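Since the structure comes first, as structure tokens, the remarks are kept for the end.
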2 protein chains.
Amino acid sequence: MAAGMSDDPTPQGLDHVGLDLWFTSLAWETEVFARVERAGFDDISLADSEVLSAIPLDGARLVEVARRRRITKQAAQERIAALIKRGYLTAEPDPQDRRARILSHTVRGRALREALSSAKVALHRELEERLGSERFRDLRAALAEAKALYTPGA
Amino acid sequence: MAAGMSDDPTPQGLDHVGLDLWFTSLAWETEVFARVERAGFDDISLADSEVLSAIPLDGARLVEVARRRRITKQAAQERIAALIKRGYLTAEPDPQDRRARILSHTVRGRALREALSSAKVALHRELEERLGSERFRDLRAALAEAKALYTPGA
DNA sequence: TCCTTTGGTCAGGTGGCCTGACTAAAAGCT
DNA sequence: AGCTTTTAGTCAGGCCACCTGACCAAAGGA
């Protein structure tokens, strides 16, 4: 990349709430992962993290994970295999059902799960502090109304 | 799918502004595409639409599109090829530069561009009406603050 | 002129999904 | 008991939207 290029090559483009929503949502997600990475987890993708978070502390089966995440069991299987390979999950045979495997978190898996949820809780609280509880409540209410407005079939 | 399954298999899960942002943003995007589809464009993906919208009315080169969309020129090329194949774009040689091709919208391409931007403008206005201009302004301000809060490096 | 930069293409790879076809165990029926 | 259907999981292959690396030909400067 050459130095000295102009900063903003294309200021042209619509300005609308859709972009506000999109960029804010993106910033949230990016910051969650930045914090989780700082907590020592740098080998995890968004999809991985969502699958990991979908497994409760007392374990779950593959098909349950797929249902919760609303993906196919094949897709769930891929994420789960990756999480097992990286040491976040373990799979043990279910004594009640010889077809099934019970997926549970390893110690590191629980730590990651905790890092994810505490990063989210922290960001939530930080925004609440920044805006004050009234504006924060207004924000969430407005978002809920927007979501409802943009979801005609429900 | 079997009938009579319970509606919400997993009410368990964090509730935070991140989800509000994510779902609202998703609802916006979904509704934009629903309207564009209703306007007669059903063969277009989000990535396609963003590339199409990145080309100004007086045309652009492939590398410009790639820069604006912040993707590689190879990725831009794929989207552009798809848009040309579907009749939304044309490519003509640049008389000033024999390496370059000038990409411009076809009539249908301009129509799609218009459908996209007018759907967005409509959704923007509808939310403003629903919330009233004061709450709407507050929403956008709060989103801007949230985005800034979650973007530490800037 | 030579050499670097620029516009674009080709080949191959990855992540995160998908459908379809299949096996084996469990559950329901008669 | 037997037979059928459902359920848990696997295998194979494909798609989309990106990516890196290697390249070519034209343009533009020293």
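Residues in the structure tokens are numbered from 1 in each chain, the chains being A, B, ... in the order shown, and ligands are numbered from 1 in the order shown.
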Close residues, range 10-23 of chain D itself excluded, 9 Å, only C-alpha atoms (C1' of nucleotides), min 6 positions apart in chain, as a PyMOL selection string:
(chain A and resi 74) or (chain B and resi 47+71-72+74-75+78-79) or (chain C and resi 9-11+13-15+17-19+21-23)
Residues as selected, N, CA and C atoms (P, O5', C5', C4', C3', O3' and C1' of nucleotides), written as a compact mmCIF listing (two decimals), in the first residue's frame, can you do that?
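See out-v9.txt below for the written result:
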```txt
# COMPACT_ATOMS: atom_id res chain seq x y z
N GLN A 74 -25.21 -31.48 10.61
CA GLN A 74 -23.91 -31.58 9.95
C GLN A 74 -23.05 -30.35 10.24
N ALA B 47 -24.23 -9.50 -0.73
CA ALA B 47 -22.91 -9.13 -1.25
C ALA B 47 -23.04 -8.49 -2.63
N ILE B 71 -12.82 -5.13 -0.05
CA ILE B 71 -12.58 -6.54 -0.33
C ILE B 71 -11.48 -6.60 -1.38
N THR B 72 -10.94 -7.79 -1.61
CA THR B 72 -9.89 -7.90 -2.62
C THR B 72 -10.49 -7.73 -4.00
N GLN B 74 -10.10 -9.67 -6.41
CA GLN B 74 -10.59 -10.97 -6.86
C GLN B 74 -12.02 -11.20 -6.39
N ALA B 75 -12.27 -10.87 -5.13
CA ALA B 75 -13.62 -11.03 -4.58
C ALA B 75 -14.59 -10.11 -5.32
N GLU B 78 -15.59 -11.48 -8.69
CA GLU B 78 -16.61 -12.54 -8.67
C GLU B 78 -18.02 -11.96 -8.62
N ARG B 79 -18.21 -10.99 -7.71
CA ARG B 79 -19.54 -10.37 -7.59
C ARG B 79 -19.90 -9.67 -8.89
P DT C 9 -10.78 -8.90 -15.40
O5' DT C 9 -9.69 -10.08 -15.36
C5' DT C 9 -8.88 -10.32 -16.51
C4' DT C 9 -8.01 -11.55 -16.29
C3' DT C 9 -8.78 -12.79 -15.85
O3' DT C 9 -8.44 -13.86 -16.73
C1' DT C 9 -6.94 -12.40 -14.40
P DC C 10 -9.23 -15.25 -16.66
O5' DC C 10 -8.20 -16.18 -15.85
C5' DC C 10 -6.83 -16.21 -16.25
C4' DC C 10 -6.07 -17.24 -15.42
C3' DC C 10 -6.91 -18.42 -14.95
O3' DC C 10 -6.13 -19.61 -15.09
C1' DC C 10 -5.96 -17.34 -13.08
P DA C 11 -6.81 -21.05 -14.87
O5' DA C 11 -6.19 -21.44 -13.45
C5' DA C 11 -4.80 -21.21 -13.20
C4' DA C 11 -4.46 -21.68 -11.80
C3' DA C 11 -5.35 -22.81 -11.28
O3' DA C 11 -4.54 -23.77 -10.64
C1' DA C 11 -5.40 -21.00 -9.76
P DG C 13 -5.58 -26.33 -3.52
O5' DG C 13 -5.96 -25.42 -2.27
C5' DG C 13 -5.01 -24.45 -1.77
C4' DG C 13 -5.67 -23.66 -0.66
C3' DG C 13 -6.59 -24.50 0.22
O3' DG C 13 -6.41 -24.15 1.58
C1' DG C 13 -7.78 -22.68 -0.64
P DT C 14 -7.05 -25.08 2.71
O5' DT C 14 -7.99 -24.03 3.45
C5' DT C 14 -7.53 -22.70 3.71
C4' DT C 14 -8.68 -21.95 4.36
C3' DT C 14 -9.55 -22.82 5.25
O3' DT C 14 -9.77 -22.14 6.46
C1' DT C 14 -10.88 -21.72 3.63
P DG C 15 -10.43 -22.86 7.72
O5' DG C 15 -11.80 -22.06 7.83
C5' DG C 15 -11.78 -20.65 7.81
C4' DG C 15 -13.21 -20.15 7.87
C3' DG C 15 -14.09 -20.90 8.86
O3' DG C 15 -14.93 -19.94 9.49
C1' DG C 15 -14.95 -21.16 6.66
P DC C 17 -22.26 -21.32 10.80
O5' DC C 17 -23.60 -21.60 10.01
C5' DC C 17 -23.82 -22.84 9.39
C4' DC C 17 -24.07 -22.66 7.90
C3' DC C 17 -24.94 -23.76 7.31
O3' DC C 17 -26.31 -23.47 7.54
C1' DC C 17 -23.09 -23.33 5.91
P DC C 18 -27.35 -24.63 7.71
O5' DC C 18 -27.52 -25.22 6.23
C5' DC C 18 -27.97 -24.38 5.19
C4' DC C 18 -27.83 -25.10 3.86
C3' DC C 18 -28.49 -26.48 3.82
O3' DC C 18 -29.83 -26.35 3.38
C1' DC C 18 -26.29 -26.58 2.89
P DT C 19 -30.85 -27.54 3.66
O5' DT C 19 -30.58 -28.57 2.47
C5' DT C 19 -30.61 -28.16 1.12
C4' DT C 19 -30.24 -29.34 0.22
C3' DT C 19 -31.12 -30.58 0.47
O3' DT C 19 -31.56 -31.08 -0.79
C1' DT C 19 -28.81 -31.14 0.71
P DA C 21 -31.23 -38.59 -2.23
O5' DA C 21 -30.21 -39.55 -1.48
C5' DA C 21 -28.87 -39.65 -1.99
C4' DA C 21 -28.08 -40.58 -1.09
C3' DA C 21 -28.87 -41.83 -0.64
O3' DA C 21 -28.02 -42.95 -0.67
C1' DA C 21 -28.06 -40.68 1.24
P DC C 22 -28.60 -44.42 -0.47
O5' DC C 22 -28.16 -44.71 1.05
C5' DC C 22 -26.76 -44.86 1.32
C4' DC C 22 -26.49 -44.79 2.80
C3' DC C 22 -27.17 -45.86 3.66
O3' DC C 22 -26.28 -46.97 3.79
C1' DC C 22 -26.97 -43.72 4.74
P DT C 23 -26.78 -48.28 4.61
O5' DT C 23 -26.32 -48.00 6.11
C5' DT C 23 -24.95 -47.76 6.41
C4' DT C 23 -24.79 -47.68 7.91
C3' DT C 23 -25.42 -48.85 8.65
O3' DT C 23 -24.52 -49.29 9.66
C1' DT C 23 -26.30 -46.81 9.45
```
Can you list every residue in chain B that DSSP puts in strand (DSSP E or B), as a list in words?
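Taking chain B and keeping strand (DSSP E or B) gives Ala60, Leu89, Thr90, Ala91, Glu92, Pro93, Asp94, Asp97, Arg98, Arg99, Ala100, Arg101, Ile102, Leu103, Ser104 and His105 of chain B.
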Could you write out the selected residues, including C-alpha atoms, as a short mmCIF file (atom, residue, chain, number, x, y, z; two decimals), in the first residue's frame?
```cif
data_model
loop_
_atom_site.label_atom_id
_atom_site.label_comp_id
_atom_site.auth_asym_id
_atom_site.auth_seq_id
_atom_site.Cartn_x
_atom_site.Cartn_y
_atom_site.Cartn_z
CA ALA B 60 -16.34 2.70 -11.90
CA LEU B 89 -23.95 -4.41 -15.04
CA THR B 90 -22.04 -3.92 -18.25
CA ALA B 91 -18.31 -3.63 -18.79
CA GLU B 92 -16.81 -1.55 -21.56
CA PRO B 93 -13.18 -0.93 -22.33
CA ASP B 94 -11.81 2.33 -21.04
CA ASP B 97 -6.52 3.11 -20.37
CA ARG B 98 -6.34 -0.10 -22.29
CA ARG B 99 -5.92 -2.18 -19.15
CA ALA B 100 -9.12 -1.00 -17.58
CA ARG B 101 -12.80 -1.74 -18.02
CA ILE B 102 -15.52 0.69 -17.06
CA LEU B 103 -18.37 -0.92 -15.19
CA SER B 104 -21.76 0.71 -15.50
CA HIS B 105 -25.31 -0.18 -14.58
#
```
Could you please determine the separation between CA of His16 in chain B and CA of Glu128 in chain A in Å, to one decimal place?
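Result for CA of His16 in chain B versus CA of Glu128 in chain A: 10.6 Å, one decimal.
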Counting only C-alpha atoms (C1' of nucleotides), figure out which residue out of D:DA30, D:DA25, D:DC3, D:DA8 gets nearest to chain B.
D:DA25
Taking a cut-off of 8 Å and counting only C-alpha atoms (C1' of nucleotides), can you build a table that, for each residue of chain C near chain A, reports the nearest atom pair and how far apart they are in Å (one decimal), sorted by chain then residue number, as CSV?
```
residue,atom,partner,partner_atom,distance
C:DG16,C1',A:Ala75,CA,7.5
C:DC17,C1',A:Ala75,CA,6.5
C:DA24,C1',A:Arg99,CA,7.2
C:DA25,C1',A:Arg99,CA,5.6
C:DA26,C1',A:Asp97,CA,7.7
```
Provide as a compact mmCIF listing (two decimals) with C-alpha atoms, in the first residue's frame the residues of chain B at most 8 Å from chain A, counting only C-alpha atoms.
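Written out: result_3.txt:
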```txt
# COMPACT_ATOMS: atom_id res chain seq x y z
CA PRO B 9 -37.03 -25.37 23.47
CA THR B 10 -34.33 -23.18 25.08
CA LEU B 14 -28.11 -14.16 28.15
CA HIS B 16 -28.14 -8.04 26.57
CA VAL B 17 -28.04 -5.01 24.29
CA GLY B 18 -25.77 -6.92 21.96
CA ASP B 20 -30.99 -6.20 20.70
CA LEU B 21 -28.57 -4.63 18.27
CA TRP B 22 -27.98 -7.83 16.38
CA PHE B 23 -31.62 -8.80 15.98
CA THR B 24 -32.72 -5.31 15.06
CA SER B 25 -29.99 -4.99 12.50
CA ALA B 27 -34.61 -7.42 10.92
CA TRP B 28 -33.70 -4.24 9.04
CA GLU B 29 -31.63 -6.13 6.52
CA GLU B 31 -36.97 -6.26 5.48
CA ARG B 68 -14.86 0.94 -1.50
CA SER B 117 -31.87 2.78 -1.72
CA LYS B 120 -33.67 1.85 2.95
CA VAL B 121 -34.94 5.40 2.91
CA LEU B 123 -37.50 2.02 6.44
CA HIS B 124 -35.59 4.94 7.86
CA LEU B 127 -39.02 4.26 12.04
CA LEU B 131 -40.81 6.79 17.21
CA ARG B 135 -37.00 9.55 20.17
CA ASP B 138 -32.18 9.96 20.66
CA LEU B 139 -31.91 6.48 19.21
CA ARG B 140 -29.38 7.52 16.62
CA ALA B 142 -27.35 6.53 21.56
CA LEU B 143 -26.24 4.22 18.76
CA ALA B 144 -23.45 6.61 17.88
CA ALA B 146 -22.47 2.93 21.75
CA LYS B 147 -20.46 2.53 18.59
CA LEU B 149 -17.75 3.23 23.23
CA TYR B 150 -17.20 -0.13 21.61
CA THR B 151 -14.53 1.16 19.26
```
Quick one: pick out all helix (DSSP H, G or I) residues within chain A from a backbone DSSP run and write them as a PyMOL selection string.
chain A and resi 17-38+46-53+62-69+73-85+107-149
